[in-house]
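Q: Next comes the structure file entry.cif, holding mmCIF, C-alpha atoms, pLDDT in the B column; chains and numbers go by the auth columns.
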```cif
data_input
#
loop_
_atom_site.group_PDB
_atom_site.id
_atom_site.type_symbol
_atom_site.label_atom_id
_atom_site.label_comp_id
_atom_site.label_asym_id
_atom_site.label_seq_id
_atom_site.Cartn_x
_atom_site.Cartn_y
_atom_site.Cartn_z
_atom_site.B_iso_or_equiv
_atom_site.auth_seq_id
_atom_site.auth_asym_id
ATOM 1 C CA MET A 1 117.639 118.143 125.365 71.00 204 A
ATOM 2 C CA THR A 2 115.965 114.928 126.488 83.00 205 A
ATOM 3 C CA ARG A 3 117.058 111.808 124.642 88.00 206 A
ATOM 4 C CA ARG A 4 114.239 110.556 122.435 94.00 207 A
ATOM 5 C CA ILE A 5 113.006 107.007 122.078 96.00 208 A
ATOM 6 C CA PHE A 6 113.205 105.719 118.526 97.00 209 A
ATOM 7 C CA ILE A 7 109.580 104.625 118.402 97.00 210 A
ATOM 8 C CA ASP A 8 110.213 102.490 115.316 97.00 211 A
ATOM 9 C CA LYS A 9 112.665 100.427 117.383 97.00 212 A
ATOM 10 C CA GLN A 10 110.615 100.559 120.591 97.00 213 A
ATOM 11 C CA SER A 11 107.425 99.317 118.869 98.00 214 A
ATOM 12 C CA PRO A 12 108.624 97.277 115.878 98.00 215 A
ATOM 13 C CA LYS A 13 105.278 95.619 115.145 98.00 216 A
ATOM 14 C CA ALA A 14 103.589 98.976 114.700 98.00 217 A
ATOM 15 C CA TYR A 15 106.468 100.247 112.562 98.00 218 A
ATOM 16 C CA HIS A 16 106.438 97.137 110.365 98.00 219 A
ATOM 17 C CA ALA A 17 102.705 97.652 109.816 98.00 220 A
ATOM 18 C CA LEU A 18 103.509 101.182 108.607 98.00 221 A
ATOM 19 C CA LEU A 19 106.214 99.796 106.310 98.00 222 A
ATOM 20 C CA GLN A 20 103.704 97.308 104.865 98.00 223 A
ATOM 21 C CA THR A 21 101.256 100.155 104.316 98.00 224 A
ATOM 22 C CA SER A 22 103.987 102.075 102.515 98.00 225 A
ATOM 23 C CA GLU A 23 104.688 99.125 100.228 98.00 226 A
ATOM 24 C CA ALA A 24 100.964 98.773 99.421 98.00 227 A
ATOM 25 C CA VAL A 25 100.711 102.514 98.714 98.00 228 A
ATOM 26 C CA ARG A 26 103.755 102.398 96.432 98.00 229 A
ATOM 27 C CA ALA A 27 102.138 99.528 94.485 98.00 230 A
ATOM 28 C CA THR A 28 98.833 101.426 94.347 98.00 231 A
ATOM 29 C CA ALA A 29 100.605 104.482 92.923 98.00 232 A
ATOM 30 C CA ALA A 30 102.365 102.386 90.278 98.00 233 A
ATOM 31 C CA GLU A 31 99.105 100.656 89.332 98.00 234 A
ATOM 32 C CA ALA A 32 97.469 104.084 88.981 98.00 235 A
ATOM 33 C CA GLY A 33 100.190 105.098 86.526 98.00 236 A
ATOM 34 C CA LEU A 34 102.047 107.538 88.763 98.00 237 A
ATOM 35 C CA GLU A 35 105.741 107.664 88.015 98.00 238 A
ATOM 36 C CA ARG A 36 108.122 107.184 90.911 98.00 239 A
ATOM 37 C CA THR A 37 109.321 110.774 90.470 98.00 240 A
ATOM 38 C CA VAL A 38 105.797 112.034 91.233 98.00 241 A
ATOM 39 C CA VAL A 39 105.616 109.878 94.359 98.00 242 A
ATOM 40 C CA GLU A 40 108.973 111.221 95.526 98.00 243 A
ATOM 41 C CA LEU A 41 107.944 114.829 94.822 98.00 244 A
ATOM 42 C CA VAL A 42 104.923 114.273 97.068 98.00 245 A
ATOM 43 C CA ASN A 43 107.120 112.661 99.736 98.00 246 A
ATOM 44 C CA LEU A 44 109.522 115.588 99.596 98.00 247 A
ATOM 45 C CA ARG A 45 106.918 118.353 99.593 98.00 248 A
ATOM 46 C CA VAL A 46 105.062 116.878 102.564 98.00 249 A
ATOM 47 C CA SER A 47 108.370 116.411 104.395 98.00 250 A
ATOM 48 C CA GLN A 48 109.220 120.069 103.680 98.00 251 A
ATOM 49 C CA LEU A 49 105.897 121.198 105.134 98.00 252 A
ATOM 50 C CA ASN A 50 106.446 119.062 108.223 98.00 253 A
ATOM 51 C CA GLY A 51 110.119 119.969 108.638 98.00 254 A
ATOM 52 C CA CYS A 52 111.318 116.368 108.705 98.00 255 A
ATOM 53 C CA ALA A 53 115.064 116.444 108.022 98.00 256 A
ATOM 54 C CA PHE A 54 115.451 112.659 108.050 98.00 257 A
ATOM 55 C CA CYS A 55 112.712 112.120 105.440 98.00 258 A
ATOM 56 C CA LEU A 56 113.948 115.044 103.328 98.00 259 A
ATOM 57 C CA ASP A 57 117.376 113.450 103.151 98.00 260 A
ATOM 58 C CA LEU A 58 115.984 109.981 102.410 98.00 261 A
ATOM 59 C CA HIS A 59 113.522 111.082 99.717 98.00 262 A
ATOM 60 C CA THR A 60 115.908 113.521 98.029 98.00 263 A
ATOM 61 C CA LYS A 61 118.197 110.567 97.394 98.00 264 A
ATOM 62 C CA ALA A 62 115.222 108.469 96.218 98.00 265 A
ATOM 63 C CA ALA A 63 114.045 111.223 93.850 98.00 266 A
ATOM 64 C CA LEU A 64 117.499 111.537 92.321 98.00 267 A
ATOM 65 C CA ARG A 65 117.698 107.745 91.898 98.00 268 A
ATOM 66 C CA ALA A 66 114.279 107.840 90.214 98.00 269 A
ATOM 67 C CA GLY A 67 115.656 110.314 87.680 98.00 270 A
ATOM 68 C CA ASP A 68 114.541 113.705 88.966 98.00 271 A
ATOM 69 C CA SER A 69 116.903 116.642 88.631 98.00 272 A
ATOM 70 C CA PRO A 70 118.697 118.593 91.350 98.00 273 A
ATOM 71 C CA ARG A 71 117.291 121.767 89.774 98.00 274 A
ATOM 72 C CA ARG A 72 113.665 120.698 90.224 98.00 275 A
ATOM 73 C CA LEU A 73 114.282 119.417 93.734 98.00 276 A
ATOM 74 C CA GLY A 74 115.995 122.690 94.601 98.00 277 A
ATOM 75 C CA VAL A 75 112.915 124.748 93.724 98.00 278 A
ATOM 76 C CA LEU A 76 110.295 122.315 94.996 98.00 279 A
ATOM 77 C CA ALA A 77 109.386 124.509 97.974 98.00 280 A
ATOM 78 C CA ALA A 78 108.345 127.203 95.461 98.00 281 A
ATOM 79 C CA TRP A 79 106.787 124.865 92.876 98.00 282 A
ATOM 80 C CA ARG A 80 103.898 127.271 92.222 97.00 283 A
ATOM 81 C CA ASP A 81 106.358 129.936 91.037 98.00 284 A
ATOM 82 C CA THR A 82 108.039 127.887 88.318 97.00 285 A
ATOM 83 C CA GLN A 83 107.041 126.064 85.173 97.00 286 A
ATOM 84 C CA LEU A 84 109.375 123.131 85.885 98.00 287 A
ATOM 85 C CA PHE A 85 106.506 120.870 86.974 98.00 288 A
ATOM 86 C CA SER A 86 103.884 119.291 84.739 98.00 289 A
ATOM 87 C CA PRO A 87 100.140 119.822 85.267 97.00 290 A
ATOM 88 C CA LEU A 88 99.934 116.304 86.747 98.00 291 A
ATOM 89 C CA GLU A 89 102.794 117.017 89.163 98.00 292 A
ATOM 90 C CA ARG A 90 101.300 120.385 90.126 98.00 293 A
ATOM 91 C CA ALA A 91 97.938 118.776 90.852 98.00 294 A
ATOM 92 C CA ALA A 92 99.615 116.054 92.909 98.00 295 A
ATOM 93 C CA LEU A 93 101.644 118.594 94.901 98.00 296 A
ATOM 94 C CA ALA A 94 98.588 120.748 95.646 97.00 297 A
ATOM 95 C CA LEU A 95 96.607 117.687 96.722 98.00 298 A
ATOM 96 C CA ALA A 96 99.482 116.518 98.941 98.00 299 A
ATOM 97 C CA GLU A 97 99.642 119.942 100.589 97.00 300 A
ATOM 98 C CA ALA A 98 95.867 119.907 101.158 97.00 301 A
ATOM 99 C CA THR A 99 96.152 116.441 102.707 97.00 302 A
ATOM 100 C CA THR A 100 98.946 117.620 104.997 97.00 303 A
ATOM 101 C CA LEU A 101 97.227 120.872 105.990 96.00 304 A
ATOM 102 C CA PRO A 102 93.532 119.906 105.928 93.00 305 A
ATOM 103 C CA ALA A 103 92.304 122.814 108.069 92.00 306 A
ATOM 104 C CA ASP A 104 92.469 125.165 105.068 91.00 307 A
ATOM 105 C CA ALA A 105 89.135 124.156 103.535 93.00 308 A
ATOM 106 C CA ALA A 106 89.360 126.602 100.619 94.00 309 A
ATOM 107 C CA ALA A 107 92.805 125.346 99.592 92.00 310 A
ATOM 108 C CA GLN A 108 91.581 121.781 99.970 94.00 311 A
ATOM 109 C CA GLU A 109 88.605 122.381 97.660 96.00 312 A
ATOM 110 C CA ALA A 110 90.772 124.158 95.088 96.00 313 A
ATOM 111 C CA ALA A 111 93.382 121.399 95.168 96.00 314 A
ATOM 112 C CA TYR A 112 90.744 118.716 94.761 96.00 315 A
ATOM 113 C CA ALA A 113 89.145 120.549 91.830 96.00 316 A
ATOM 114 C CA ASP A 114 92.545 120.869 90.125 95.00 317 A
ATOM 115 C CA ALA A 115 93.263 117.204 90.821 97.00 318 A
ATOM 116 C CA ARG A 116 89.984 116.247 89.122 97.00 319 A
ATOM 117 C CA GLU A 117 91.226 118.051 85.989 97.00 320 A
ATOM 118 C CA ALA A 118 94.709 116.519 85.856 98.00 321 A
ATOM 119 C CA LEU A 119 94.498 113.124 87.585 98.00 322 A
ATOM 120 C CA THR A 120 92.380 110.014 87.298 98.00 323 A
ATOM 121 C CA GLU A 121 90.356 108.887 90.298 98.00 324 A
ATOM 122 C CA ASP A 122 92.905 106.136 90.923 98.00 325 A
ATOM 123 C CA GLN A 123 95.706 108.697 90.831 98.00 326 A
ATOM 124 C CA ILE A 124 93.867 111.036 93.221 98.00 327 A
ATOM 125 C CA SER A 125 93.413 108.186 95.658 98.00 328 A
ATOM 126 C CA ALA A 126 97.066 107.155 95.311 98.00 329 A
ATOM 127 C CA VAL A 127 98.367 110.704 95.859 98.00 330 A
ATOM 128 C CA VAL A 128 96.281 111.096 99.006 98.00 331 A
ATOM 129 C CA TRP A 129 97.551 107.731 100.292 98.00 332 A
ATOM 130 C CA VAL A 130 101.172 108.705 99.532 98.00 333 A
ATOM 131 C CA ALA A 131 100.665 111.962 101.450 98.00 334 A
ATOM 132 C CA VAL A 132 98.963 110.216 104.378 98.00 335 A
ATOM 133 C CA THR A 133 101.758 107.655 104.592 98.00 336 A
ATOM 134 C CA ILE A 134 104.660 110.112 104.411 98.00 337 A
ATOM 135 C CA ASN A 135 102.904 112.268 107.014 98.00 338 A
ATOM 136 C CA ALA A 136 102.944 109.237 109.323 98.00 339 A
ATOM 137 C CA PHE A 137 106.626 108.553 108.634 98.00 340 A
ATOM 138 C CA ASN A 138 107.410 112.242 109.215 98.00 341 A
ATOM 139 C CA ARG A 139 105.840 112.060 112.650 98.00 342 A
ATOM 140 C CA VAL A 140 107.764 108.898 113.513 98.00 343 A
ATOM 141 C CA SER A 141 111.069 110.511 112.525 98.00 344 A
ATOM 142 C CA ILE A 142 110.335 113.918 114.042 98.00 345 A
ATOM 143 C CA MET A 143 109.188 112.529 117.386 97.00 346 A
ATOM 144 C CA SER A 144 112.104 110.079 117.451 97.00 347 A
ATOM 145 C CA LYS A 145 114.593 112.766 116.361 96.00 348 A
ATOM 146 C CA HIS A 146 116.063 110.403 113.783 97.00 349 A
ATOM 147 C CA PRO A 147 119.450 111.836 112.823 95.00 350 A
ATOM 148 C CA VAL A 148 120.548 112.664 109.305 96.00 351 A
ATOM 149 C CA ARG A 149 123.845 110.860 108.950 90.00 352 A
#
```
Produce structure tokens that represent the structure in this file.
A:
Amino acid sequence: MTRRIFIDKQSPKAYHALLQTSEAVRATAAEAGLERTVVELVNLRVSQLNGCAFCLDLHTKAALRAGDSPRRLGVLAAWRDTQLFSPLERAALALAEATTLPADAAAQEAAYADAREALTEDQISAVVWVAVTINAFNRVSIMSKHPVR
């Protein structure tokens, strides 16, 4: 396997801009009234969809620190098949999936309609921004092959 360039180290100005975006998105989510556990569920679900081991490791630890349970995190990949997640969390997860996989127009419309029922407009915007940002971080880590230590 070819050794990968850690693009965050190779292009630090670009990476720092992404970190600043992440900080602004985290503040936006808090201002919209989204608990940190919801943000971390979105980070984890998007990272599952993208297969980003580094981000899964990082955000599992963050979710546990934020107070989420190992049980809920363990079934997150099958969140639709359990009642362990609130209507707000379910709407956020569906919207995050639609943001990550935008080619499925029907799923996107359904997710947005459900989000309109469970989330405020500020929360919808924040969830989409969280998903957009973690998607970017996933690509940085996947293309760099950041190791899970």
Q: With distances taken over all atoms listed in the file, which of A:Asp260, A:Asp307, A:Glu226, A:Glu292 is nearest to Arg275 of chain A?
A: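 Distance minimum relative to Arg275 of chain A lands on A:Glu292.
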Q: How far is it from atom CA of Ala318 of chain A to atom CA of Ala295 of chain A, in Å with one decimal?
A: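 Calculated distance between atom CA of Ala318 of chain A and atom CA of Ala295 of chain A is 6.8 Å.
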Q: To one decimal place, how far is atom CA of Ala306 of chain A from atom CA of Leu252 of chain A in Å?
A: 14.0 Å
Q: Translate the PyMOL selection byres ((chain A and resi 291) around 10) into a concrete residue list for this structure, as a ChimeraX atom specification.
A: /A:237,241,288-290,292-296,317-318,320-323,326
Q: What does the distance between atom CA of Arg248 of chain A and atom CA of Ala339 of chain A come to in Å, to one decimal place?
A: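 A separation of 13.9 Å between them.
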Q: Give as a VMD selection string the residues that the PyMOL selection byres ((chain A and resi 331) around 12) matches when applied to the coordinates above.
A: chain A and resid 228 to 229 231 to 232 242 245 to 246 249 294 to 303 305 311 314 to 315 318 322 324 to 330 332 to 338
Q: Compile the contact shell of segment 210-215 of chain A as an NGL selection string: residues with an atom at most 7 Å away, counting all atoms listed in the file, same-chain residues fewer than 3 positions apart removed.
A: :A and (218-219 or 343 or 347)
Q: I'd like the contact shell of Phe257 of chain A - 7 Å cut-off, only C-alpha atoms, skipping same-chain residues fewer than 3 positions apart - returned as a PDB file with C-alpha atoms, in the coordinates of the input.
A:
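Saved file part05.pdb follows:
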```pdb
ATOM      1  CA  ASP A 260     117.376 113.450 103.151  1.00 98.00           C
ATOM      2  CA  LEU A 261     115.984 109.981 102.410  1.00 98.00           C
ATOM      3  CA  SER A 344     111.069 110.511 112.525  1.00 98.00           C
ATOM      4  CA  HIS A 349     116.063 110.403 113.783  1.00 97.00           C
ATOM      5  CA  PRO A 350     119.450 111.836 112.823  1.00 95.00           C
ATOM      6  CA  VAL A 351     120.548 112.664 109.305  1.00 96.00           C
TER       7      VAL A 351
END
```
Q: For Asp271 of chain A, which residue among A:Arg239, A:Ala227, A:Asp284, A:Cys258 is the nearest when counting all atoms listed in the file?
A: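 Selected residue with least distance to Asp271 of chain A: A:Arg239.
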Q: Provide segment 257-268 of chain A rebuilt to N, CA and C atoms, formatted as a PDB file, in the frame of the given file.
A:
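out_30.pdb written:
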```pdb
ATOM      1  N   PHE A 257     115.110 114.034 108.391  1.00 98.00           N
ATOM      2  CA  PHE A 257     115.451 112.659 108.050  1.00 98.00           C
ATOM      3  C   PHE A 257     114.759 112.243 106.745  1.00 98.00           C
ATOM      4  N   CYS A 258     113.458 112.514 106.638  1.00 98.00           N
ATOM      5  CA  CYS A 258     112.712 112.120 105.440  1.00 98.00           C
ATOM      6  C   CYS A 258     113.114 112.951 104.227  1.00 98.00           C
ATOM      7  N   LEU A 259     113.459 114.223 104.441  1.00 98.00           N
ATOM      8  CA  LEU A 259     113.948 115.044 103.328  1.00 98.00           C
ATOM      9  C   LEU A 259     115.224 114.447 102.747  1.00 98.00           C
ATOM     10  N   ASP A 260     116.131 114.060 103.605  1.00 98.00           N
ATOM     11  CA  ASP A 260     117.376 113.450 103.151  1.00 98.00           C
ATOM     12  C   ASP A 260     117.100 112.146 102.400  1.00 98.00           C
ATOM     13  N   LEU A 261     116.302 111.283 102.998  1.00 98.00           N
ATOM     14  CA  LEU A 261     115.984 109.981 102.410  1.00 98.00           C
ATOM     15  C   LEU A 261     115.304 110.122 101.043  1.00 98.00           C
ATOM     16  N   HIS A 262     114.301 110.991 100.953  1.00 98.00           N
ATOM     17  CA  HIS A 262     113.522 111.082  99.717  1.00 98.00           C
ATOM     18  C   HIS A 262     114.176 111.956  98.652  1.00 98.00           C
ATOM     19  N   THR A 263     115.108 112.825  99.037  1.00 98.00           N
ATOM     20  CA  THR A 263     115.908 113.521  98.029  1.00 98.00           C
ATOM     21  C   THR A 263     116.763 112.505  97.279  1.00 98.00           C
ATOM     22  N   LYS A 264     117.388 111.617  98.027  1.00 98.00           N
ATOM     23  CA  LYS A 264     118.197 110.567  97.394  1.00 98.00           C
ATOM     24  C   LYS A 264     117.322 109.677  96.514  1.00 98.00           C
ATOM     25  N   ALA A 265     116.130 109.327  96.995  1.00 98.00           N
ATOM     26  CA  ALA A 265     115.222 108.469  96.218  1.00 98.00           C
ATOM     27  C   ALA A 265     114.761 109.172  94.943  1.00 98.00           C
ATOM     28  N   ALA A 266     114.480 110.466  95.029  1.00 98.00           N
ATOM     29  CA  ALA A 266     114.045 111.223  93.850  1.00 98.00           C
ATOM     30  C   ALA A 266     115.154 111.295  92.803  1.00 98.00           C
ATOM     31  N   LEU A 267     116.369 111.503  93.252  1.00 98.00           N
ATOM     32  CA  LEU A 267     117.499 111.537  92.321  1.00 98.00           C
ATOM     33  C   LEU A 267     117.701 110.167  91.669  1.00 98.00           C
ATOM     34  N   ARG A 268     117.585 109.097  92.453  1.00 98.00           N
ATOM     35  CA  ARG A 268     117.698 107.745  91.898  1.00 98.00           C
ATOM     36  C   ARG A 268     116.591 107.472  90.883  1.00 98.00           C
TER      37      ARG A 268
END
```
